[in-house]
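Student: Would you mind keeping the following structure in view while I ask a few things?
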Amino acid sequence: MGNSQSATPSANSVGNPSAPTEQAACPVKPDYRNPAVYNVYGERINDPNKPAPKNPLAALKGAEILDPRNNMPLEPNQLPCPGQRKPLSIDRVASNIPKGGTESTWMFPSPQMVFNALRRKGKGDDVTEDDMESFVHAHNAMNEATWRHVLLWEKLHATECGAPTLLRFQGKPHDLSPIAWIRSMLGGGEPFDRHDWVVDRCGREVRYVIDFYFYDEKAGTPEAFEIVARPALDSLDSALDRLKMNIYVKFAEWGLPCPISGHPGTIAQTQQQPAQQQ
């Protein structure tokens, strides 16, 4: 995912729980909005405690110059990489994921940027130029679906924050989460990727752990991909959220109303939708 402006695996291959997709005027009061702004590397770019260099030009040496409108490099690497056989699109797509610390949304990278990144990281040897359009479309769709999963959890705190935003994220493909480790020990496959997303809940940072699974035997079907998103156990509130969500979902599976309110659990019913499709 790229930086801001204001959506891996096909768009039909991921869960699609109900969530708002249009960003109206930000309803969060400025006093409650996290002032921090991060780039795609998880580095804060407006830290007031970081001393400015004595020579202003020193900050530009060997560094990418960021566009203040979207916090992306002014000149992202959109050039063909060595050995590339065909030209790729350099068009970028705006997501529906609100970017923390700004009034805009995160911006997805272009096919050329993704191709360059795959080659730079030594990944995607089996991905060719002809695959990039569908690859990027799938990548964007997976990230959009992940945000919808996160919003389901954030509904548990809708009264305290009606407009959470994604502050920063980090890929951890080689770090198994505890749940992923347990699943693998029980004979399940390991996720093909893991992300940690930090959400700005109206001034409070909340980390989410997301595991992405792909099932070869279900390739080409909506059940081929699975997103397992949940708040990290960094606080008592997050632990309670996990407990409450499991109770809500289990009662919904049994066809029973919410044990707390006595009404049909809309959050649990929505949470069930991706599970039923996977």
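Ordering of the structure tokens sets the chain letters (A, B, ...), residue numbers begin anew at 1 in every chain, and ligands are numbered from 1 in the order given.
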Excluding A:Gln78 and its own-chain neighbours fewer than 6 positions away, which residues fall within 7 Å of it when counting only C-alpha atoms? Please give them as a ChimeraX atom specification.

Tutor: /A:90,112-113

Student: Save out the residues we just selected, N, CA and C atoms, as a JSON list (two decimals), in the first residue's frame.

Tutor:
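Below is the file result.json, written as the result:
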```
[["chain", "number", "residue", "atom", "x", "y", "z"],
["A", 90, "ILE", "N", 1.87, 3.40, -14.86],
["A", 90, "ILE", "CA", 2.36, 4.14, -13.70],
["A", 90, "ILE", "C", 1.22, 4.87, -13.00],
["A", 112, "GLN", "N", 3.88, -0.45, -12.01],
["A", 112, "GLN", "CA", 5.33, -0.32, -12.16],
["A", 112, "GLN", "C", 6.03, -0.27, -10.82],
["A", 113, "MET", "N", 5.46, 0.44, -9.87],
["A", 113, "MET", "CA", 6.06, 0.53, -8.54],
["A", 113, "MET", "C", 6.06, -0.82, -7.85]]
```

Student: Env of stretch 228-241 of chain A: 10 Å cut, atoms = only C-alpha atoms, seq-sep filter 2 positions within chain, self excluded. Answer as a ChimeraX atom specification.

Tutor: /A:146-150,152-154,156-157,177,179-180,191,194-199,206-213,226,243-247,274-275

Student: Measuring between only C-alpha atoms, which one of A:Pro48, A:Glu103, A:Ala252, A:Asp175 shows the shortest distance to A:Ala163?

Tutor: A:Glu103

Student: May I have all residues of stretch 91-138 of chain A that DSSP, computed from the backbone, assigns to alpha helix (DSSP H), given as a list of chain:residue names?

Tutor: A:Pro111, A:Gln112, A:Met113, A:Val114, A:Phe115, A:Asn116, A:Ala117, A:Leu118, A:Arg119, A:Arg120, A:Met132, A:Glu133, A:Ser134, A:Phe135, A:Val136, A:His137, A:Ala138

Student: So, counting only C-alpha atoms, which residue among A:Gly255, A:Pro76, A:Pro111, A:Gly188 is closest to A:Ala138?

Tutor: A:Pro111

Student: Find the residues near stretch 121-127 of chain A: any atom within 12 Å, counting only C-alpha atoms, skip ones fewer than 6 places away on the same chain, and give them as a PyMOL selection string.

Tutor: chain A and resi 84+111+114-115+133-136+173

Student: With N, CA and C atoms retained, could you export that selection as a CSV table (one decimal), in the first residue's frame?

Tutor:
```
chain,number,residue,atom,x,y,z
A,84,GLN,N,13.3,-5.6,-17.5
A,84,GLN,CA,11.9,-5.6,-17.8
A,84,GLN,C,11.6,-5.6,-19.3
A,111,PRO,N,1.3,-0.3,-10.9
A,111,PRO,CA,1.9,-1.6,-11.3
A,111,PRO,C,3.4,-1.6,-11.5
A,114,VAL,N,5.0,-1.6,-8.0
A,114,VAL,CA,4.9,-2.9,-7.4
A,114,VAL,C,5.9,-3.8,-8.0
A,115,PHE,N,6.0,-3.8,-9.3
A,115,PHE,CA,6.9,-4.7,-10.0
A,115,PHE,C,8.4,-4.4,-9.6
A,133,GLU,N,-1.3,-6.2,-13.7
A,133,GLU,CA,-2.6,-5.5,-13.6
A,133,GLU,C,-3.5,-6.3,-12.6
A,134,SER,N,-3.6,-7.6,-12.8
A,134,SER,CA,-4.4,-8.4,-11.9
A,134,SER,C,-3.8,-8.6,-10.6
A,135,PHE,N,-2.5,-8.6,-10.5
A,135,PHE,CA,-1.8,-8.7,-9.2
A,135,PHE,C,-2.0,-7.5,-8.4
A,136,VAL,N,-1.9,-6.3,-9.0
A,136,VAL,CA,-2.1,-5.1,-8.2
A,136,VAL,C,-3.6,-4.9,-7.8
A,173,PRO,N,6.1,-10.7,7.1
A,173,PRO,CA,5.9,-12.0,6.5
A,173,PRO,C,6.6,-13.1,7.1
```
